[in-house]
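Participant: start38.cif (mmCIF, C-alpha atoms (C1' of nucleotides)) pasted underneath:
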```cif
data_input
loop_
_atom_site.label_atom_id
_atom_site.label_comp_id
_atom_site.auth_asym_id
_atom_site.auth_seq_id
_atom_site.Cartn_x
_atom_site.Cartn_y
_atom_site.Cartn_z
CA MET A 284 0.83 31.95 13.88
CA THR A 285 3.31 29.10 14.08
CA ILE A 286 3.28 26.41 11.38
CA THR A 287 5.49 23.34 11.85
CA VAL A 288 6.76 21.65 8.68
CA ALA A 289 8.59 18.34 8.85
CA THR A 290 10.46 15.85 6.69
CA TRP A 291 11.00 12.13 7.32
CA ASN A 292 12.43 9.36 5.18
CA ILE A 293 10.22 6.61 6.60
CA ASN A 294 11.91 3.65 4.81
CA GLY A 295 8.72 1.75 4.05
CA VAL A 296 5.47 3.26 5.34
CA LYS A 297 3.72 -0.09 5.85
CA ALA A 298 6.62 -1.48 7.89
CA ARG A 299 6.80 1.81 9.82
CA ILE A 300 3.15 2.66 10.48
CA GLU A 301 3.47 2.15 14.24
CA ALA A 302 6.44 4.54 14.52
CA LEU A 303 4.81 7.02 12.14
CA THR A 304 1.52 7.28 14.02
CA ARG A 305 3.34 7.37 17.37
CA TRP A 306 5.45 10.29 16.20
CA LEU A 307 2.53 12.16 14.60
CA GLU A 308 0.63 11.95 17.89
CA GLU A 309 3.69 12.97 19.90
CA CYS A 310 4.89 15.85 17.73
CA GLY A 311 1.73 16.92 15.92
CA PRO A 312 3.40 18.69 12.97
CA ASP A 313 1.13 20.76 10.72
CA ILE A 314 2.57 19.29 7.53
CA VAL A 315 4.97 16.41 6.88
CA GLY A 316 6.84 15.35 3.75
CA LEU A 317 7.55 11.62 3.70
CA GLN A 318 10.07 9.86 1.48
CA GLU A 319 10.70 6.22 0.60
CA ILE A 320 7.14 5.17 1.33
CA LYS A 321 7.90 2.05 -0.82
CA SER A 322 4.21 1.67 -1.55
CA VAL A 323 1.79 2.21 -4.38
CA ASP A 324 -0.95 4.78 -3.67
CA GLU A 325 -3.57 2.05 -3.13
CA GLY A 326 -1.42 0.35 -0.49
CA PHE A 327 -0.71 3.48 1.55
CA PRO A 328 -2.16 3.18 5.11
CA ARG A 329 -4.20 6.31 4.57
CA GLU A 330 -6.91 5.64 7.17
CA ASP A 331 -4.43 5.25 10.05
CA ILE A 332 -3.15 8.74 9.30
CA GLU A 333 -6.46 10.40 8.44
CA ARG A 334 -7.73 9.16 11.82
CA LEU A 335 -5.16 11.48 13.43
CA GLY A 336 -6.59 14.49 11.60
CA TYR A 337 -4.33 14.58 8.54
CA ASN A 338 -5.08 15.01 4.88
CA VAL A 339 -2.99 12.68 2.73
CA ALA A 340 -1.55 13.09 -0.78
CA THR A 341 0.68 10.32 -2.11
CA HIS A 342 2.90 9.76 -5.12
CA GLY A 343 3.75 6.11 -4.81
CA GLN A 344 5.62 3.50 -6.80
CA LYS A 345 5.91 -0.26 -6.52
CA GLY A 346 8.82 -1.54 -4.50
CA PHE A 347 10.92 1.52 -3.85
CA ASN A 348 10.95 5.35 -3.87
CA GLY A 349 7.61 7.08 -3.27
CA VAL A 350 6.81 10.38 -1.52
CA ALA A 351 3.80 11.80 0.34
CA LEU A 352 2.44 14.90 2.04
CA LEU A 353 0.46 14.70 5.29
CA SER A 354 -1.24 17.93 6.37
CA LYS A 355 -3.71 19.00 9.03
CA ARG A 356 -4.88 21.67 6.61
CA PRO A 357 -6.28 20.88 3.15
CA LEU A 358 -3.67 20.33 0.45
CA GLU A 359 -4.23 22.50 -2.59
CA ASP A 360 -2.68 22.51 -6.07
CA VAL A 361 -0.91 19.17 -5.62
CA VAL A 362 1.72 18.44 -8.31
CA GLU A 363 3.34 15.00 -8.43
CA ARG A 364 6.16 15.40 -10.94
CA LEU A 365 9.47 17.21 -11.16
CA PRO A 366 9.51 18.82 -14.63
CA GLY A 367 12.32 18.41 -17.11
CA ASP A 368 12.29 14.71 -18.09
CA ASP A 369 9.03 13.08 -19.18
CA GLY A 370 10.80 9.73 -19.30
CA ASP A 371 11.67 9.77 -15.59
CA GLU A 372 9.25 7.35 -13.90
CA HIS A 373 10.76 7.52 -10.40
CA ALA A 374 8.30 8.78 -7.77
CA ARG A 375 10.51 11.33 -6.03
CA TRP A 376 8.59 14.62 -5.96
CA ILE A 377 5.27 15.96 -4.67
CA GLU A 378 4.31 19.54 -3.93
CA GLY A 379 1.23 21.12 -2.38
CA THR A 380 0.04 24.36 -0.79
CA ILE A 381 -1.57 24.92 2.59
CA SER A 382 -3.45 28.07 3.49
CA THR A 383 -3.18 29.79 6.84
CA GLU A 384 -5.10 32.66 8.39
CA THR A 385 -2.39 35.05 7.25
CA GLY A 386 -1.19 33.52 3.99
CA ALA A 387 0.03 30.27 2.51
CA LEU A 388 3.00 27.91 2.35
CA ARG A 389 4.04 25.75 -0.59
CA VAL A 390 5.74 22.54 0.54
CA VAL A 391 7.69 20.07 -1.60
CA SER A 392 8.51 16.56 -0.38
CA LEU A 393 11.50 15.37 -2.42
CA TYR A 394 13.55 12.18 -2.50
CA LEU A 395 16.76 13.00 -4.31
CA PRO A 396 18.47 10.05 -6.06
CA ASN A 397 21.22 8.34 -4.10
CA GLY A 398 23.58 8.23 -7.09
CA ASN A 399 25.75 5.30 -6.01
CA PRO A 400 27.88 3.79 -7.21
CA VAL A 401 29.72 6.74 -8.78
CA GLY A 402 30.82 5.68 -12.25
CA THR A 403 27.50 4.06 -13.16
CA GLU A 404 24.50 5.64 -14.85
CA LYS A 405 23.04 6.26 -11.39
CA PHE A 406 25.37 9.19 -10.69
CA PRO A 407 24.62 11.30 -13.80
CA TYR A 408 20.93 10.59 -13.12
CA LYS A 409 21.38 12.16 -9.68
CA ILE A 410 23.20 15.20 -11.08
CA SER A 411 20.70 15.85 -13.88
CA TRP A 412 17.87 15.40 -11.35
CA MET A 413 19.50 18.08 -9.19
CA ASP A 414 19.71 20.41 -12.20
CA ARG A 415 15.97 19.86 -12.77
CA MET A 416 15.37 20.55 -9.06
CA LEU A 417 17.26 23.84 -9.34
CA GLU A 418 15.11 24.88 -12.33
CA ARG A 419 11.91 24.12 -10.44
CA ALA A 420 13.18 25.79 -7.26
CA GLU A 421 13.96 28.98 -9.16
CA ALA A 422 10.51 28.96 -10.74
CA LEU A 423 8.87 28.57 -7.32
CA LEU A 424 10.67 31.72 -6.16
CA GLY A 425 8.67 33.66 -8.73
CA ASP A 426 5.48 33.25 -6.70
CA ASP A 427 4.53 35.36 -3.69
CA THR A 428 4.08 32.24 -1.57
CA PRO A 429 6.85 31.16 0.83
CA VAL A 430 8.31 27.75 -0.08
CA ALA A 431 9.77 24.88 1.93
CA LEU A 432 11.72 22.24 -0.03
CA VAL A 433 11.91 19.36 2.45
CA GLY A 434 13.25 15.89 2.01
CA ASP A 435 16.01 13.36 1.77
CA TYR A 436 18.56 15.19 -0.37
CA ASN A 437 21.14 12.39 -0.28
CA VAL A 438 23.76 15.14 -0.03
CA ILE A 439 26.24 15.67 2.82
CA PRO A 440 26.71 19.43 2.42
CA MET A 441 29.85 19.91 4.54
CA PRO A 442 32.52 17.74 6.21
CA GLY A 443 30.99 18.62 9.58
CA ASP A 444 27.77 16.95 8.47
CA ALA A 445 29.43 13.52 8.75
CA ARG A 446 31.03 11.82 11.74
CA HIS A 447 33.71 10.39 9.45
CA PRO A 448 33.84 12.60 6.33
CA GLU A 449 36.95 10.83 5.06
CA ARG A 450 34.89 7.67 4.58
CA TRP A 451 32.53 9.44 2.19
CA VAL A 452 34.97 10.96 -0.31
CA ASP A 453 34.22 8.32 -2.97
CA ASP A 454 30.48 8.30 -2.25
CA ALA A 455 27.85 10.01 -4.42
CA LEU A 456 26.49 11.81 -1.33
CA PHE A 457 29.73 13.75 -0.89
CA GLN A 458 30.92 14.29 -4.47
CA PRO A 459 31.83 17.87 -5.48
CA GLU A 460 29.12 17.74 -8.19
CA SER A 461 26.47 16.89 -5.57
CA ARG A 462 27.65 19.42 -3.02
CA SER A 463 28.01 22.26 -5.56
CA ARG A 464 24.40 21.82 -6.65
CA HIS A 465 23.26 21.89 -3.04
CA ARG A 466 25.19 25.15 -2.70
CA ALA A 467 23.55 26.38 -5.92
CA LEU A 468 20.17 25.92 -4.24
CA GLN A 469 21.39 28.16 -1.42
CA ASN A 470 22.75 30.67 -3.94
CA LEU A 471 19.24 30.96 -5.38
CA GLY A 472 18.19 32.16 -1.92
CA PHE A 473 17.10 28.94 -0.22
CA VAL A 474 18.27 28.71 3.39
CA ASP A 475 19.32 25.48 5.15
CA ALA A 476 17.04 25.79 8.17
CA GLN A 477 19.24 23.67 10.46
CA ARG A 478 22.42 25.66 9.74
CA ALA A 479 20.48 28.92 10.07
CA VAL A 480 19.51 28.21 13.67
CA ASP A 481 22.56 26.17 14.74
CA ASP A 482 25.79 26.07 12.73
CA ALA A 483 27.32 23.35 14.93
CA ASP A 484 28.86 20.27 13.36
CA GLY A 485 27.84 16.77 14.41
CA ILE A 486 24.08 17.09 13.91
CA TYR A 487 22.95 13.98 12.01
CA THR A 488 19.68 12.71 10.52
CA PHE A 489 20.74 9.24 9.27
CA TRP A 490 22.51 6.33 10.90
CA ASP A 491 23.04 3.13 8.89
CA TYR A 492 21.46 -0.05 10.22
CA GLN A 493 24.82 -1.75 9.71
CA ALA A 494 27.97 -2.01 11.79
CA GLY A 495 26.44 -0.42 14.90
CA ALA A 496 26.37 3.02 13.30
CA TRP A 497 23.66 4.30 15.68
CA GLN A 498 25.41 3.02 18.79
CA LYS A 499 28.67 4.63 17.64
CA ASN A 500 26.91 7.83 16.49
CA ASN A 501 28.39 7.27 13.04
CA GLY A 502 25.83 9.47 11.31
CA ILE A 503 25.40 11.91 8.45
CA ARG A 504 23.11 14.91 7.88
CA ILE A 505 21.31 14.42 4.57
CA ASP A 506 17.67 15.30 5.38
CA HIS A 507 17.21 19.01 4.87
CA ILE A 508 14.58 21.73 5.13
CA MET A 509 15.44 24.40 2.58
CA LEU A 510 13.45 27.63 2.93
CA SER A 511 12.79 30.35 0.37
CA PRO A 512 13.61 33.88 1.60
CA LEU A 513 10.01 34.55 2.65
CA ALA A 514 9.89 31.27 4.57
CA ALA A 515 13.36 31.76 6.06
CA ASP A 516 12.31 35.16 7.40
CA ALA A 517 9.61 33.31 9.37
CA LEU A 518 11.94 30.64 10.78
CA GLU A 519 11.71 30.27 14.55
CA GLY A 520 13.46 26.98 15.25
CA VAL A 521 14.43 23.48 14.09
CA SER A 522 14.19 20.13 15.84
CA VAL A 523 15.99 16.95 14.79
CA GLU A 524 13.85 14.18 16.28
CA LYS A 525 16.82 12.01 17.15
CA HIS A 526 15.05 9.97 19.82
CA THR A 527 12.96 8.17 17.20
CA ARG A 528 16.10 6.35 15.98
CA GLY A 529 16.13 4.50 19.30
CA TRP A 530 12.55 3.20 18.94
CA GLN A 531 11.62 -0.36 18.05
CA LYS A 532 11.78 -1.02 14.30
CA PRO A 533 13.13 2.47 13.54
CA SER A 534 13.66 4.08 10.17
CA ASP A 535 17.35 4.67 9.50
CA HIS A 536 16.45 8.39 9.12
CA VAL A 537 14.88 10.65 11.78
CA PRO A 538 12.39 13.50 11.25
CA VAL A 539 13.48 17.13 11.01
CA VAL A 540 10.95 19.80 11.96
CA ALA A 541 11.02 23.55 11.32
CA SER A 542 8.77 26.08 13.06
CA LEU A 543 7.69 29.04 10.96
CA ASP A 544 5.88 32.13 12.23
CA LEU A 545 3.72 32.72 9.17
"C1'" DA B 144 35.53 -5.75 2.39
"C1'" DT B 145 31.85 -8.59 -3.25
"C1'" DG B 146 31.06 -8.01 4.38
"C1'" DC B 147 27.74 -5.89 8.25
"C1'" DC B 148 21.23 -4.48 8.06
"C1'" DG B 149 16.54 -3.72 6.54
"C1'" DT B 150 12.31 -3.47 3.16
"C1'" DT B 151 10.25 -4.99 -0.81
"C1'" DT B 152 8.83 -8.16 -4.52
"C1'" DC B 153 4.07 -12.17 -9.27
"C1'" DG B 154 9.62 -13.67 -3.07
"C1'" DT B 155 12.17 -18.08 -0.81
"C1'" DA B 156 17.30 -14.72 -3.89
"C1'" DA B 157 17.86 -10.23 -5.72
"C1'" DA B 158 17.29 -5.27 -6.13
"C1'" DC B 159 17.87 -1.15 -3.74
"C1'" DG B 160 19.50 1.72 -0.39
"C1'" DA B 161 23.59 5.09 1.90
#
```
What is this file in structure tokens?

Facilitator:
Amino acid sequence: MTITVATWNINGVKARIEALTRWLEECGPDIVGLQEIKSVDEGFPREDIERLGYNVATHGQKGFNGVALLSKRPLEDVVERLPGDDGDEHARWIEGTISTETGALRVVSLYLPNGNPVGTEKFPYKISWMDRMLERAEALLGDDTPVALVGDYNVIPMPGDARHPERWVDDALFQPESRSRHRALQNLGFVDAQRAVDDADGIYTFWDYQAGAWQKNNGIRIDHIMLSPLAADALEGVSVEKHTRGWQKPSDHVPVVASLDL
DNA sequence: ATGCCGTTTCGTAAACGA
């Protein structure tokens, strides 16, 4: 049976509830990882989403960051922290498992640190966070359950993932240290779902609000669905929901959806 | 380009984002 798993950096769930519910009704994904909900758990518009038939698990934070999982099936074994640094209070990680008639899928919604500006403490925080992510990703491979690591990675993996790669060479999203760790995730066995189904350049998931980036198609691909080998074997297709960027009051990111025959 | 735009906060300017 086909399970659709999606990721969307919503850039403020309360400001975006109209677009979010519109897209959930239109697309009907089985499970969605949200990032940048910018809300505490108590402020999350849970009822508006539950009304559409979704279970909701949130890991919120005041003001910024914050991740969530929305699932038509019950969410089991929810974990809200990335291990490796008990002092890290940023809400950037939530994982949960859904059961299907034929098995299960473990889904992580992750919001990887931006890391800018390079040269401040923000960049080593990003890199050490990625090292922690790699540790957790490797541990998840030890289970029999297929895994989907979905989210805003804040990494431009390849030059072809940016309209103007030369403009990003000094940016944390395109640093060799960021890109090599994204490759390390693939070397563990995780597959970039988008590249697996279509290796074309020029497929973007983010367009800045500034300087007419959307109108000029000055975009980057930084929202990724990374699949463990068992999940990648089930991959049927990927959709970048580009049309949502043209809606009223859009997020600067668009959803990415993978279909898995599990 | 210390710019552009958008969301959030014990707000009315500043932090954060990419």

Participant: Which residue gives the smallest distance to DG160 in chain B among A:Phe457, A:Phe347, A:Tyr337, A:Trp490, with all atoms listed in the file counted?

Facilitator: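 The answer is A:Phe347, which sits nearest to DG160 in chain B.
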
Participant: Given the choices A:Lys321, A:Arg375, A:Arg462, A:Arg334, which gets closest to chain B if the distance is worked out from all atoms listed in the file?

Facilitator: A:Lys321

Participant: Please write as a ChimeraX atom specification the full residue list that the PyMOL selection byres ((chain B and resi 144-149) around 8) yields on this file.

Facilitator: /A:491-494 /B:150

Participant: Please indicate the distance in Å from CA of Ile377 in chain A to CA of Trp530 in chain A, rounded to one decimal place.

Facilitator: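 Going from CA of Ile377 in chain A over to CA of Trp530 in chain A, I get 27.8 Å.
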
Participant: May I ask for the distance between CA of Val315 in chain A and CA of Leu353 in chain A, given in Å to one decimal place?

Facilitator: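 Computing it gives 5.1 Å between the two atoms.
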
Participant: May I have the centre and edge lengths, in Å to one decimal, of an axis-aligned box around the listed atoms of range 502-514 of chain A with 4 Å added to every side, as AutoDock Vina command-line options?

Facilitator:
```
--center_x 17.9 --center_y 22.0 --center_z 5.8 --size_x 23.9 --size_y 33.1 --size_z 18.9
```

Participant: Which is closer to DA158 in chain B than all the others in A:Glu301, A:Asn399, A:Arg478, A:Gly346, using all atoms listed in the file?

Facilitator: A:Gly346

Participant: Against chain B, which residues of chain A fall within 12 Å? For each one I want the closest pair of atoms and the distance in Å (one decimal), counting all atoms listed in the file, rows by chain and increasing residue number, as a Markdown table.

Facilitator:
```
| residue | atom | partner | partner_atom | distance |
| --- | --- | --- | --- | --- |
| A:Asn292 | CA | B:DG160 | C1' | 11.8 |
| A:Ile293 | CA | B:DT150 | C1' | 10.9 |
| A:Asn294 | CA | B:DT150 | C1' | 7.3 |
| A:Gly295 | CA | B:DT150 | C1' | 6.4 |
| A:Val296 | CA | B:DT150 | C1' | 9.8 |
| A:Lys297 | CA | B:DT150 | C1' | 9.6 |
| A:Ala298 | CA | B:DT150 | C1' | 7.7 |
| A:Arg299 | CA | B:DT150 | C1' | 10.1 |
| A:Glu319 | CA | B:DG160 | C1' | 9.9 |
| A:Ile320 | CA | B:DT150 | C1' | 10.2 |
| A:Lys321 | CA | B:DT151 | C1' | 7.4 |
| A:Ser322 | CA | B:DT151 | C1' | 9.0 |
| A:Val323 | CA | B:DT151 | C1' | 11.7 |
| A:Gln344 | CA | B:DT151 | C1' | 11.4 |
| A:Lys345 | CA | B:DT151 | C1' | 8.6 |
| A:Gly346 | CA | B:DT151 | C1' | 5.3 |
| A:Phe347 | CA | B:DT151 | C1' | 7.2 |
| A:Asn348 | CA | B:DC159 | C1' | 9.5 |
| A:Pro396 | CA | B:DG160 | C1' | 10.1 |
| A:Asn397 | CA | B:DA161 | C1' | 7.2 |
| A:Gly398 | CA | B:DA161 | C1' | 9.5 |
| A:Asn399 | CA | B:DA161 | C1' | 8.2 |
| A:Pro400 | CA | B:DA161 | C1' | 10.2 |
| A:Lys405 | CA | B:DC159 | C1' | 11.8 |
| A:Asp435 | CA | B:DA161 | C1' | 11.2 |
| A:Tyr436 | CA | B:DA161 | C1' | 11.5 |
| A:Asn437 | CA | B:DA161 | C1' | 8.0 |
| A:Val438 | CA | B:DA161 | C1' | 10.2 |
| A:Ile439 | CA | B:DA161 | C1' | 10.9 |
| A:Arg450 | CA | B:DA161 | C1' | 11.9 |
| A:Trp451 | CA | B:DA161 | C1' | 9.9 |
| A:Asp454 | CA | B:DA161 | C1' | 8.7 |
| A:Ala455 | CA | B:DA161 | C1' | 9.1 |
| A:Leu456 | CA | B:DA161 | C1' | 8.0 |
| A:Phe457 | CA | B:DA161 | C1' | 11.0 |
| A:Phe489 | CA | B:DA161 | C1' | 8.9 |
| A:Trp490 | CA | B:DA161 | C1' | 9.1 |
| A:Asp491 | CA | B:DA161 | C1' | 7.3 |
| A:Tyr492 | CA | B:DC148 | C1' | 4.9 |
| A:Gln493 | CA | B:DC148 | C1' | 4.8 |
| A:Ala494 | CA | B:DC147 | C1' | 5.3 |
| A:Gly495 | CA | B:DC147 | C1' | 8.7 |
| A:Ala496 | CA | B:DC147 | C1' | 10.3 |
| A:Trp497 | CA | B:DC148 | C1' | 11.9 |
| A:Gly502 | CA | B:DA161 | C1' | 10.6 |
| A:Ile503 | CA | B:DA161 | C1' | 9.6 |
| A:Arg504 | CA | B:DA161 | C1' | 11.5 |
| A:Ile505 | CA | B:DA161 | C1' | 10.0 |
| A:Lys532 | CA | B:DG149 | C1' | 9.5 |
| A:Pro533 | CA | B:DG149 | C1' | 9.9 |
| A:Ser534 | CA | B:DG149 | C1' | 9.1 |
| A:Asp535 | CA | B:DG149 | C1' | 8.9 |
| A:His536 | CA | B:DA161 | C1' | 10.7 |
```

Participant: To one decimal in Å, tell me the separation between CA of Leu388 in chain A and CA of Gly370 in chain A.

Facilitator: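 Separation between CA of Leu388 in chain A and CA of Gly370 in chain A: 29.3 Å.
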
Participant: Expand the PyMOL selection byres ((chain A and resi 444) around 7) into the individual residues it matches in the shown file, reporting them as a list of chain:residue names.

Facilitator: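 Written out, the selection comes to A:Ile439, A:Pro440, A:Met441, A:Pro442, A:Gly443, A:Ala445, A:Arg446, A:Asp484, A:Gly485, A:Ile486, A:Tyr487, A:Ile503, A:Arg504.
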
Participant: I'd like the neighbourhood of Lys355 in chain A as a list in words, where a residue qualifies if any of its atoms comes within 6 Å (using only C-alpha atoms (C1' of nucleotides)), though same-chain residues fewer than 4 positions away should be ignored.

Facilitator: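 What passes the distance filter is Asp313, Gly336, Tyr337 and Asn338 of chain A.
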
Participant: For the PyMOL selection byres ((chain A and resi 424) around 12), applied here, can you spell out every residue it catches as a PDB file with C-alpha atoms, in the coordinates of the input?

Facilitator:
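Output file selection_26.pdb is given in full below:
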```
ATOM      1  CA  ARG A 389       4.040  25.750  -0.590  1.00  0.00           C
ATOM      2  CA  LEU A 417      17.260  23.840  -9.340  1.00  0.00           C
ATOM      3  CA  GLU A 418      15.110  24.880 -12.330  1.00  0.00           C
ATOM      4  CA  ARG A 419      11.910  24.120 -10.440  1.00  0.00           C
ATOM      5  CA  ALA A 420      13.180  25.790  -7.260  1.00  0.00           C
ATOM      6  CA  GLU A 421      13.960  28.980  -9.160  1.00  0.00           C
ATOM      7  CA  ALA A 422      10.510  28.960 -10.740  1.00  0.00           C
ATOM      8  CA  LEU A 423       8.870  28.570  -7.320  1.00  0.00           C
ATOM      9  CA  GLY A 425       8.670  33.660  -8.730  1.00  0.00           C
ATOM     10  CA  ASP A 426       5.480  33.250  -6.700  1.00  0.00           C
ATOM     11  CA  ASP A 427       4.530  35.360  -3.690  1.00  0.00           C
ATOM     12  CA  THR A 428       4.080  32.240  -1.570  1.00  0.00           C
ATOM     13  CA  PRO A 429       6.850  31.160   0.830  1.00  0.00           C
ATOM     14  CA  VAL A 430       8.310  27.750  -0.080  1.00  0.00           C
ATOM     15  CA  ALA A 431       9.770  24.880   1.930  1.00  0.00           C
ATOM     16  CA  LEU A 432      11.720  22.240  -0.030  1.00  0.00           C
ATOM     17  CA  LEU A 468      20.170  25.920  -4.240  1.00  0.00           C
ATOM     18  CA  LEU A 471      19.240  30.960  -5.380  1.00  0.00           C
ATOM     19  CA  GLY A 472      18.190  32.160  -1.920  1.00  0.00           C
ATOM     20  CA  PHE A 473      17.100  28.940  -0.220  1.00  0.00           C
ATOM     21  CA  LEU A 510      13.450  27.630   2.930  1.00  0.00           C
ATOM     22  CA  SER A 511      12.790  30.350   0.370  1.00  0.00           C
ATOM     23  CA  PRO A 512      13.610  33.880   1.600  1.00  0.00           C
ATOM     24  CA  LEU A 513      10.010  34.550   2.650  1.00  0.00           C
ATOM     25  CA  ALA A 514       9.890  31.270   4.570  1.00  0.00           C
TER      26      ALA A 514
END
```

Participant: Counting all atoms listed in the file, which residues have an atom no more than 9 Å from (6.8, 28.3, 9.1) in the file's coordinates? Please list them as a list in words.

Facilitator: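 In the file's frame, the residues around the point are Met284, Thr285, Ile286, Thr287, Val288, Leu388, Pro429, Ala431, Ala514, Ala515, Asp516, Ala517, Leu518, Glu519, Ala541, Ser542, Leu543, Asp544 and Leu545 of chain A.
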
Participant: With distances taken over all atoms listed in the file, which of A:Gln458, A:Gln477, A:Thr290, A:Asp368 is nearest to Val391 in chain A?

Facilitator: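 When distances to Val391 in chain A are compared using all atoms listed in the file, the smallest one comes from A:Thr290.
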